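Trainee: Take a look at the following structure, please.
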Number of protein chains: 2
Amino acid sequence: MAQIIYRQRIEALRGLMRERGWDAVIFGGSDPHASEYPAPRWKQVEWLTGFTGEAGDVVVTMDHAGLWTDTRYFIQANKQLAGTGAVLHKTRVPEQVLIPEWLSQSSCPANAGHLPTVAVDGLCQSVGFIDEIRAAFDGCVKIVSEPDLLDALWSDRPAIPREPVYALPDEVTGESRAQKLAWLRGVMAERHCDAILLTALDEIAWLLNVRGGDVAYNPVVISYLLVTREKAFWYILKDDFYAGSGKVYHEVANEGVITCLYDDVGTVLSKLGQMGVHRIGMDPSTLNYHLRSMVEPEVDVVYGPSPVALRKAVKNAVEIDGMVRWHVEDGVAMEKYLYWLEQNLGQTDEHTAADRLQAFRAEIDGYRGDSFETISAWGPGAALPHYVTPKEHAPKIEARGLYLVDSGGQFFGGTTDITRTVPCGPCTELEREDYTLVLKGHIALSMAVFPAGTPGCRVDALAREPLWRYKRNFGHGTGHGVGSFLGVHEGPQDIRQNLNPQPLVPGMVVSIEPGIYREGQHGVRHENLVVVRELETNEFGTWLGFEPLTLCHYDTSILVRNLLNGEEMDWLNAYNERVYQTLAPRLPVDMAAWLREKTKPI
Amino acid sequence: MAQIIYRQRIEALRGLMRERGWDAVIFGGSDPHASEYPAPRWKQVEWLTGFTGEAGDVVVTMDHAGLWTDTRYFIQANKQLAGTGAVLHKTRVPEQVLIPEWLSQSSCPANAGHLPTVAVDGLCQSVGFIDEIRAAFDGCVKIVSEPDLLDALWSDRPAIPREPVYALPDEVTGESRAQKLAWLRGVMAERHCDAILLTALDEIAWLLNVRGGDVAYNPVVISYLLVTREKAFWYILKDDFYAGSGKVYHEVANEGVITCLYDDVGTVLSKLGQMGVHRIGMDPSTLNYHLRSMVEPEVDVVYGPSPVALRKAVKNAVEIDGMVRWHVEDGVAMEKYLYWLEQNLGQTDEHTAADRLQAFRAEIDGYRGDSFETISAWGPGAALPHYVTPKEHAPKIEARGLYLVDSGGQFFGGTTDITRTVPCGPCTELEREDYTLVLKGHIALSMAVFPAGTPGCRVDALAREPLWRYKRNFGHGTGHGVGSFLGVHEGPQDIRQNLNPQPLVPGMVVSIEPGIYREGQHGVRHENLVVVRELETNEFGTWLGFEPLTLCHYDTSILVRNLLNGEEMDWLNAYNERVYQTLAPRLPVDMAAWLREKTKPI
């Protein structure tokens with residue numbers, strides 16, 4: 001069995017630990033930039049344990065190997081870890097014991113005559129996490145940070161990606177690089193900082209108006225950016241730059257952005273004083289521990305959320321226009337796909353269908369790949385919110401029950417993310433009810449009006465109450481921010497249970513995606529992207545609302561009519577009509593006629 | 001003009017400041033126990049400035065006197081401060097500069113060759129507030145704490161109240177003093193504390209199953225309680241105890257509660273070590289600075305929310321039965337009042353009406369006074385959420401428009417708080433709309449079902465969205481906790497904008513009281529108390545909901561019917577029917593017939 005490989009790798013790591021005198025080693029699931037989707041090089045957790053979930057951290061001690069992951073991945077983790085010697089530690093459950101606490105309580109020998117020694121790949125651990133470890137040990141722990149420590153065991157470890165970089169024109173970004181740099185320097189001045197170090201890849205891409213292809217689904221460039229009062233230093237790892245070529249480097253140089261070697265960022269942090277930088281802003285949520293340790297001690301480090309995150313989340317008029325435009329294109333691809341699907345029910349499988357959907361998107365001029373891995377799931381598969389469609393032996397899409405497809409594209413100036421749940425034929429009463437209640441929740445939040453200053457967590461319940469009333473719920477967030485030709489998940493705003501105080505601001509793009517999942521039976525999710533719009537100011541304040549960006553009809557055939565009130569029907573009919581009016585002219589005649597049927601008022 | 005008195009008092013204080021070398025003096029609006037309603041002795045802000053609002057802090061320096069208060073009291077403060085020399089500093093506005101910041105920036109002379117000296121009556125300032133002052137000055141400030149410093153100027157200052165104390169039987173409290181003490185000692189053990197000091201008056205009353213009458217509207221006993229592993233020490237100021245009599249002191253002694261002199265609490269805190277107390281829990285939100293300063297330095301003080309607050313908020317079955325029972329009695333009084341009011345529209349005034357309401361409540365055997373000062377407001381008066389009905393020249397209740405009455409009673413085993421908005425005759429379209437929309441909000445939250453673990457801030461929007469949809473809102477919270485024959489406002493839960501993470505727990509009592517206020521025109525508020533109930537556990541979790549405690553009909557005569565959906569009408573009809581069925585048998589025949597009319601289904 002294949003799991004033996006992972007057992008051997010964990011043992012090999014223990015050999016290294018013995019050699020170096022480490023009591024425990026921790027691997028996080030991310031890269032040096034705290035990216036949501038790390039490049040293969042940084043899939044250390046997967047290499048070590050075989051676990052392929054998107055979130056997971058591993059701790060190895062001499063007598064224990066554990067994987068910490070959340071509710072989404074319990075089933076998958078138990079399956080993938082079987083036989084590896086590593087065991088699952090559950091997070092996001094009431095009884096959770098997180099890594100710092102677990103390590104301090106049960107793992108490290110207190111009686112060995114030395115401080116417990118915990119080794120990490122400091123490149124892939126955030127500053128905050130190391131602080132938590134220290135706190136759990138009340139400071140009585142030795143942290144060893146060894147960048148790329150797995151290199152010693154992982155002989156064919158992939159290299160850091162070096163995909164080409166390209167610049168976006170101002171007509172796509174709506175704001176020039178010079179304007180963005182000037183704004184950031186204004187923030188620096190307010191915060192009395194001589195410099196800000198940007199470590200999050202999407203923030204760097206946004207600020208410099210560049211894109212790349214280093215990370216799956218995210219058109220970003222692996223790099224760091226140090227912005228000082230006069231200059232900016234962009235640390236990258238690109239062959240064309242190393243070869244002394246590359247148009248984009250000249251372009252950024254016009255704004256005083258000096259391109260540097262990726263590996264030199266540590267060196268410069270150790271010599272900030274020489275550059276006149278005595279006070280520097282850093283975001284601990286994306287700053288890695290290794291980089292932090294390189295900063296010369298004389299420099300005053302100001303921790304705080306990067307100002308770029310919020311600014312980037314609030315789209316300008318050009319970016320919103322881009323989102324609107326690409327959502328029309330995306331809607332055409334989606335309708336073509338749903339039309340095709342209806343012809344092929346019972347005759348295709350989940351994976352073939354997902355490929356087909358990608359092909360429809362790929363017909364769009366300006367398509368730059370998917371924005372995440374498509375979830376194409378019929379019946380019980382759809383009951384897993386984070387289902388991964390198998391490449392081989394994918395389940396058939398049968399001509400009954402519900403099929404769920406969650407997908408999105410990256411376009412030159414826009415990002416999409418849409419989920420539709422498709423009735424494939426006869427549905428059970430429960431399927432119809434769940435389908436209808438989730439749509440009620442989707443509509444309730446889509447119609448919401450709320451005062452300026454309201455954070456997403458305060459409107460989250462509006463999407464849930466129609467489900468709650470029937471004692472049904474879903475375990476994931478209701479909505480996440482979406483970048484503009486950037487990450488399909490971005491902060492700082494969201495719409496979920498956690499009490500995130502970030503208000504929803506006009507220009508932000510978020511998803512609205514309630515669901516219901518019944519293990520072994522079916523899953524329902526209805527997702528549109530919406531943009532926050534200012535509606536009006538009156539004596540009670542300034543009022544905001546959501547405007548749907550996503551254009552693709554909601555199937556009305558299985559709705560339980562008496563669960564919907566008049567307002568909800570009006571919203572649904574108006575939305576479907578708008579979908580028809582916008583997309584029909586761009587569809588072949590037969591599809592347009594089909595869409596007319598699909599969108600007729602209920 | 002009367003304001004000259006306050007000008008003179010402020011000047012007299014400056015004389016004292018000169019004498020003692022103080023640069024600034026701060027007075028808070030509370031008592032040594034951080035009570036919401038302080039006894040007259042501690043109305044220092046009112047004595048000094050004439051401001052009678054329920055929330056306000058004063059700072060006096062040599063060249064400035066300022067009152068800090070929030071949006072609720074701006075109009076009142078400007079009126080009452082005119083001519084006193086003190087000026088309003090606004091809080092809860094975006095541009096607010098709070099006292100610590102203001103003091104550190106603009107008030108104290110930095111060039112006088114000594115540290116700025118800020119004096120406080122340490123008895124009436126919380127530990128947390130003094131920390132904020134120090135932080136604002138970066139530690140470069142001298143804090144002088146002088147208990148009762150106003151005594152030197154305030155010759156006829158009222159004494160600390162010494163109202164009689166009485167014990168509640170277990171049939172009313174549902175849990176014996178011994179059980180409560182045992183539970184608290186269990187918590188102490190978990191927290192590795194040798195003792196806990198209780199400073200909040202309602203917590204002490206709850207723990208000891210005693211009540212008193214020291215504070216208006218709150219049946220509490222001014223005292224401190226020190227609970228150790230074996231004993232408890234109750235510091236009180238009662239004549240019967242000082243005289244060696246008083247049945248209650250013997251009763252509590254049975255559970256090892258030793259009654260002590262109020263003034264001795266400081267002494268004992270300075271000798272905790274002798275008592276075997278090396279680690280003590282204290283709640284910084286109700287602990288005063290003076291008391292904290294008395295704790296001997298060797299003792300480890302563990303700060304944290306008092307465990308009593310949450311335990312007290314979750315009512316046991318006996319307490320809930322009491323609340324249910326007293327709400328029936330209160331409902332009878334309310335219906336008698338509304339019946340009387342209808343006969344007297346156009347012929348009575350707000351103050352006479354409030355007296356009349358109190359008289360109806362006073363007819364109830366077991367009534368122990370009101371739970372707060374009745375708001376009795378017709379027309380424009382009701383537009384002020386915290387309107388104080390004038391005792392003289394009170395406005396007439398006219399036979400048109402809306403009248404709002406917010407009132408409640410204390411009963412031997414229950415506390416009530418109810419608001420009804422009464423159509424007095426012809427109403428404008430706007431009055432009818434506002435009345436209907438607020439009722440929609442009230443109903444939406446009353447009907448809400450939500451999963452266990454949900455904090456109030458996550459369901460607050462359910463009461464607001466029906467208003468928000470029409471771009472209307474209200475500036476106060478939607479709901480507050482209510483004590484059981486204790487404070488009408490209690491924590492730790494609430495339902496409001498602030499992101500308070502405290503979940504709503506079965507057994508908690510909260511108000512649901514949305515409103516709409518239009519300055520110079522009218523105000524609407526509909527308020528019931530409800531108890532959180534567990535409904536069901538299923539595959540999606542455990543489900544909670546609200547059950548109304550308040551019983552008093554909602555007038556349906558001016559509802560804008562087409563703003564209500566079927567579910568809302570069903571709720572309203574069922575609620576009004578329940579009111580009729582429960583109360584009619586207890587009302588005189590003519591009133592019962594009247595109530596039948598008022599509660600007929602729409």
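Chain labels A, B, ... are given in the sequence in which chains occur in the structure tokens; within each chain residues are numbered consecutively from 1, and ligands are likewise numbered from 1 in the order shown.
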Chain A residues within 8 Å of chain B, counting only C-alpha atoms: which ones, as JSON, numbers by chain?

Mentor: {"A": [448, 449, 450, 451, 457, 458, 459, 460, 461, 462, 465, 468, 469, 471, 472, 473, 474, 497, 499, 501, 538, 540, 543, 565]}

Trainee: Taking the chain letters and numbering used in this document, name the residues of range 344-586 of chain A that DSSP puts in strand (DSSP E), as a ChimeraX atom specification.

Mentor: /A:348-349,367-370,375-378,396-397,402-407,409-411,414-415,418-423,449-451,479-481,490-495,509-512,515-518,522-525,528-538,541-548

Trainee: Can you work out which one of B:Thr267, B:Ser155, B:Asn218, B:Ser293 has the shortest atom-to-atom distance to Tyr235 in chain B, counting only C-alpha atoms?

Mentor: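 The shortest atom-to-atom distance to Tyr235 in chain B comes from B:Thr267.
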
Trainee: Looking at A:Asn316, A:Pro147, A:Arg578, A:Asp70, which one is nearest to Asp170 in chain A, with distances taken over only C-alpha atoms?

Mentor: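 Once distances to Asp170 in chain A are computed over only C-alpha atoms, the minimum belongs to A:Asn316.
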
Trainee: Taking 4 positions as the minimum chain separation for residues in the same chain, which residues sit within 7 Å of range 423-439 of chain B when counting only C-alpha atoms? Answer as a PyMOL selection string.

Mentor: chain B and resi 345+398-403+443+466-467+514-516+524-526+558-560

Trainee: Keeping N, CA, C and O atoms for every residue in the selection just given, could you write it to a file as an mmCIF file, in the first residue's frame?

Mentor:
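After the write, part19.cif holds the following:
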```cif
data_model
loop_
_atom_site.group_PDB
_atom_site.id
_atom_site.type_symbol
_atom_site.label_atom_id
_atom_site.label_comp_id
_atom_site.auth_asym_id
_atom_site.auth_seq_id
_atom_site.Cartn_x
_atom_site.Cartn_y
_atom_site.Cartn_z
ATOM 1 N N LEU B 345 -58.121 59.892 26.812
ATOM 2 C CA LEU B 345 -57.342 60.567 25.762
ATOM 3 C C LEU B 345 -57.827 61.993 25.602
ATOM 4 O O LEU B 345 -59.037 62.259 25.617
ATOM 5 N N GLU B 398 -52.813 63.847 23.648
ATOM 6 C CA GLU B 398 -53.903 64.283 22.778
ATOM 7 C C GLU B 398 -54.600 63.094 22.123
ATOM 8 O O GLU B 398 -54.062 61.993 22.077
ATOM 9 N N ALA B 399 -55.791 63.373 21.629
ATOM 10 C CA ALA B 399 -56.607 62.301 21.041
ATOM 11 C C ALA B 399 -56.295 62.118 19.557
ATOM 12 O O ALA B 399 -57.182 62.037 18.700
ATOM 13 N N ARG B 400 -55.011 62.097 19.257
ATOM 14 C CA ARG B 400 -54.544 61.854 17.896
ATOM 15 C C ARG B 400 -53.079 61.435 17.993
ATOM 16 O O ARG B 400 -52.438 61.648 19.038
ATOM 17 N N GLY B 401 -52.564 60.855 16.960
ATOM 18 C CA GLY B 401 -51.153 60.493 16.937
ATOM 19 C C GLY B 401 -50.820 59.364 17.892
ATOM 20 O O GLY B 401 -51.689 58.612 18.329
ATOM 21 N N LEU B 402 -49.532 59.266 18.208
ATOM 22 C CA LEU B 402 -49.028 58.112 18.962
ATOM 23 C C LEU B 402 -48.551 58.497 20.356
ATOM 24 O O LEU B 402 -47.934 59.544 20.547
ATOM 25 N N TYR B 403 -48.824 57.625 21.311
ATOM 26 C CA TYR B 403 -48.350 57.756 22.686
ATOM 27 C C TYR B 403 -47.509 56.525 22.999
ATOM 28 O O TYR B 403 -47.891 55.401 22.660
ATOM 29 N N ILE B 443 -41.660 41.279 15.423
ATOM 30 C CA ILE B 443 -42.149 39.932 15.139
ATOM 31 C C ILE B 443 -41.040 39.069 14.535
ATOM 32 O O ILE B 443 -40.859 37.905 14.910
ATOM 33 N N PRO B 466 -36.455 44.633 8.495
ATOM 34 C CA PRO B 466 -37.737 45.152 8.007
ATOM 35 C C PRO B 466 -37.764 46.691 7.997
ATOM 36 O O PRO B 466 -38.450 47.291 7.166
ATOM 37 N N LEU B 467 -37.002 47.315 8.890
ATOM 38 C CA LEU B 467 -36.896 48.777 8.903
ATOM 39 C C LEU B 467 -35.882 49.222 7.852
ATOM 40 O O LEU B 467 -36.127 50.168 7.096
ATOM 41 N N PRO B 514 -37.312 47.000 19.091
ATOM 42 C CA PRO B 514 -36.958 47.920 18.010
ATOM 43 C C PRO B 514 -37.815 49.188 18.081
ATOM 44 O O PRO B 514 -38.823 49.213 18.796
ATOM 45 N N GLY B 515 -37.400 50.212 17.359
ATOM 46 C CA GLY B 515 -38.143 51.467 17.365
ATOM 47 C C GLY B 515 -37.840 52.304 16.138
ATOM 48 O O GLY B 515 -36.967 51.965 15.331
ATOM 49 N N ILE B 516 -38.579 53.379 15.984
ATOM 50 C CA ILE B 516 -38.261 54.413 14.991
ATOM 51 C C ILE B 516 -38.576 55.743 15.665
ATOM 52 O O ILE B 516 -39.619 55.877 16.315
ATOM 53 N N VAL B 524 -41.872 55.449 17.928
ATOM 54 C CA VAL B 524 -42.541 54.148 18.031
ATOM 55 C C VAL B 524 -41.549 53.171 18.640
ATOM 56 O O VAL B 524 -40.373 53.154 18.264
ATOM 57 N N ARG B 525 -41.995 52.385 19.599
ATOM 58 C CA ARG B 525 -41.184 51.272 20.105
ATOM 59 C C ARG B 525 -42.159 50.180 20.528
ATOM 60 O O ARG B 525 -43.197 50.475 21.121
ATOM 61 N N HIS B 526 -41.839 48.934 20.182
ATOM 62 C CA HIS B 526 -42.651 47.801 20.629
ATOM 63 C C HIS B 526 -41.722 46.867 21.394
ATOM 64 O O HIS B 526 -40.770 46.346 20.809
ATOM 65 N N ILE B 558 -54.140 50.564 13.518
ATOM 66 C CA ILE B 558 -53.513 51.462 12.526
ATOM 67 C C ILE B 558 -52.503 50.740 11.647
ATOM 68 O O ILE B 558 -51.734 51.371 10.918
ATOM 69 N N LEU B 559 -52.448 49.433 11.727
ATOM 70 C CA LEU B 559 -51.476 48.686 10.908
ATOM 71 C C LEU B 559 -51.710 48.946 9.419
ATOM 72 O O LEU B 559 -52.858 49.002 8.962
ATOM 73 N N VAL B 560 -50.625 49.089 8.703
ATOM 74 C CA VAL B 560 -50.709 49.127 7.237
ATOM 75 C C VAL B 560 -50.662 47.674 6.778
ATOM 76 O O VAL B 560 -49.594 47.058 6.734
#
```

Trainee: Write out as a ChimeraX atom specification which residues come within 12 Å of range 581-592 of chain A when counting only C-alpha atoms, dropping same-chain ones fewer than 5 positions away.

Mentor: /A:324-325,327-340,342-343,549-553,574-576,597-600

Trainee: Could the residues in this selection be saved with N, CA, C and O atoms as a CSV table (one decimal), in the first residue's frame?

Mentor:
```csv
chain,number,residue,atom,x,y,z
A,324,VAL,N,-18.3,43.5,-14.1
A,324,VAL,CA,-19.6,43.4,-14.7
A,324,VAL,C,-19.5,42.8,-16.1
A,324,VAL,O,-20.2,41.8,-16.4
A,325,ARG,N,-18.5,43.3,-16.8
A,325,ARG,CA,-18.3,42.8,-18.2
A,325,ARG,C,-18.0,41.3,-18.3
A,325,ARG,O,-18.5,40.5,-19.0
A,327,HIS,N,-18.5,39.1,-16.0
A,327,HIS,CA,-19.6,38.3,-15.6
A,327,HIS,C,-20.6,38.0,-16.7
A,327,HIS,O,-21.3,37.0,-16.6
A,328,VAL,N,-20.8,38.9,-17.6
A,328,VAL,CA,-21.6,38.6,-18.8
A,328,VAL,C,-21.0,37.5,-19.6
A,328,VAL,O,-21.7,36.5,-19.9
A,329,GLU,N,-19.7,37.6,-19.8
A,329,GLU,CA,-19.1,36.5,-20.6
A,329,GLU,C,-19.2,35.2,-19.9
A,329,GLU,O,-19.5,34.1,-20.5
A,330,ASP,N,-18.9,35.2,-18.6
A,330,ASP,CA,-19.0,34.0,-17.8
A,330,ASP,C,-20.4,33.4,-17.7
A,330,ASP,O,-20.6,32.2,-17.8
A,331,GLY,N,-21.4,34.3,-17.7
A,331,GLY,CA,-22.8,33.9,-17.7
A,331,GLY,C,-23.1,33.1,-19.0
A,331,GLY,O,-23.8,32.1,-19.0
A,332,VAL,N,-22.6,33.6,-20.1
A,332,VAL,CA,-22.8,33.0,-21.4
A,332,VAL,C,-22.2,31.6,-21.4
A,332,VAL,O,-22.9,30.6,-21.8
A,333,ALA,N,-21.0,31.4,-20.8
A,333,ALA,CA,-20.4,30.1,-20.7
A,333,ALA,C,-21.2,29.2,-19.8
A,333,ALA,O,-21.4,28.0,-20.1
A,334,MET,N,-21.6,29.7,-18.7
A,334,MET,CA,-22.4,28.9,-17.8
A,334,MET,C,-23.7,28.5,-18.4
A,334,MET,O,-24.1,27.3,-18.3
A,335,GLU,N,-24.4,29.3,-19.2
A,335,GLU,CA,-25.7,28.9,-19.8
A,335,GLU,C,-25.4,27.9,-20.9
A,335,GLU,O,-26.2,26.9,-21.0
A,336,LYS,N,-24.4,28.1,-21.6
A,336,LYS,CA,-24.0,27.1,-22.6
A,336,LYS,C,-23.8,25.7,-22.0
A,336,LYS,O,-24.2,24.7,-22.4
A,337,TYR,N,-23.1,25.8,-20.8
A,337,TYR,CA,-22.8,24.6,-20.1
A,337,TYR,C,-24.1,23.9,-19.6
A,337,TYR,O,-24.3,22.7,-19.7
A,338,LEU,N,-25.0,24.7,-19.0
A,338,LEU,CA,-26.2,24.1,-18.4
A,338,LEU,C,-27.1,23.5,-19.5
A,338,LEU,O,-27.8,22.5,-19.3
A,339,TYR,N,-27.1,24.2,-20.7
A,339,TYR,CA,-27.8,23.7,-21.8
A,339,TYR,C,-27.2,22.3,-22.2
A,339,TYR,O,-28.0,21.4,-22.4
A,340,TRP,N,-25.9,22.3,-22.4
A,340,TRP,CA,-25.2,21.1,-22.7
A,340,TRP,C,-25.5,20.0,-21.7
A,340,TRP,O,-25.8,18.8,-22.0
A,342,GLU,N,-28.1,19.6,-19.7
A,342,GLU,CA,-29.4,19.1,-19.8
A,342,GLU,C,-29.6,18.0,-20.9
A,342,GLU,O,-30.3,17.0,-20.7
A,343,GLN,N,-28.8,18.2,-22.0
A,343,GLN,CA,-28.8,17.2,-23.1
A,343,GLN,C,-28.1,15.9,-22.7
A,343,GLN,O,-28.3,14.9,-23.3
A,549,LEU,N,-23.6,40.6,-9.6
A,549,LEU,CA,-22.7,40.6,-10.7
A,549,LEU,C,-22.9,39.3,-11.6
A,549,LEU,O,-22.9,39.4,-12.8
A,550,THR,N,-23.1,38.2,-10.9
A,550,THR,CA,-23.3,36.9,-11.5
A,550,THR,C,-24.6,36.9,-12.4
A,550,THR,O,-25.6,37.4,-11.9
A,551,LEU,N,-24.5,36.4,-13.6
A,551,LEU,CA,-25.6,36.3,-14.4
A,551,LEU,C,-25.8,34.9,-14.9
A,551,LEU,O,-25.1,34.4,-15.8
A,552,CYS,N,-26.7,34.2,-14.4
A,552,CYS,CA,-27.0,32.8,-14.8
A,552,CYS,C,-28.3,32.4,-14.1
A,552,CYS,O,-28.5,32.7,-12.9
A,553,HIS,N,-29.3,31.9,-14.8
A,553,HIS,CA,-30.6,31.7,-14.3
A,553,HIS,C,-30.6,30.7,-13.1
A,553,HIS,O,-29.8,29.8,-13.0
A,574,ALA,N,-37.4,38.9,-11.5
A,574,ALA,CA,-36.7,40.0,-12.0
A,574,ALA,C,-35.2,39.6,-12.3
A,574,ALA,O,-34.7,40.0,-13.4
A,575,TYR,N,-34.6,38.8,-11.4
A,575,TYR,CA,-33.3,38.4,-11.7
A,575,TYR,C,-33.2,37.5,-12.9
A,575,TYR,O,-32.4,37.7,-13.8
A,576,ASN,N,-34.1,36.5,-13.0
A,576,ASN,CA,-34.1,35.6,-14.2
A,576,ASN,C,-34.3,36.4,-15.5
A,576,ASN,O,-33.7,36.1,-16.5
A,597,GLU,N,-37.5,29.8,-21.8
A,597,GLU,CA,-38.3,28.8,-21.0
A,597,GLU,C,-37.9,28.8,-19.6
A,597,GLU,O,-38.7,28.9,-18.6
A,598,LYS,N,-36.6,28.7,-19.4
A,598,LYS,CA,-36.0,28.6,-18.0
A,598,LYS,C,-36.3,29.8,-17.2
A,598,LYS,O,-36.3,29.7,-15.9
A,599,THR,N,-36.4,30.9,-17.8
A,599,THR,CA,-36.5,32.2,-17.0
A,599,THR,C,-37.9,32.8,-17.0
A,599,THR,O,-38.1,33.9,-16.6
A,600,LYS,N,-38.8,32.0,-17.5
A,600,LYS,CA,-40.2,32.6,-17.4
A,600,LYS,C,-40.7,32.7,-16.0
A,600,LYS,O,-40.3,31.9,-15.1
```

Trainee: Run DSSP on the backbone and grab whatever in range 155-274 of chain A lands in helix (DSSP H, G or I); send it over as a ChimeraX atom specification.

Mentor: /A:170-173,177-190,201-208,239-242,247-253,262-269,272-274

Trainee: A:Lys315, A:His489, A:Arg292, A:Arg533: which is nearest Pro32 in chain A, counting only C-alpha atoms?

Mentor: A:Arg292

Trainee: Which residues are near Val510 in chain A? Cut-off 12 Å, only C-alpha atoms, ignore same chain within fewer than 3 positions. Put them as a VMD selection string.

Mentor: chain A and resid 313 to 315 323 415 to 418 445 to 446 456 477 to 484 488 to 496 504 to 507 513 527 to 533 545 to 550

Trainee: Leaving out Leu404 in chain A and any residue of its chain fewer than 5 positions from it, which residues lie within 7 Å of it when counting only C-alpha atoms, given as a PyMOL selection string?

Mentor: chain A and resi 376-378+382+420-422+524
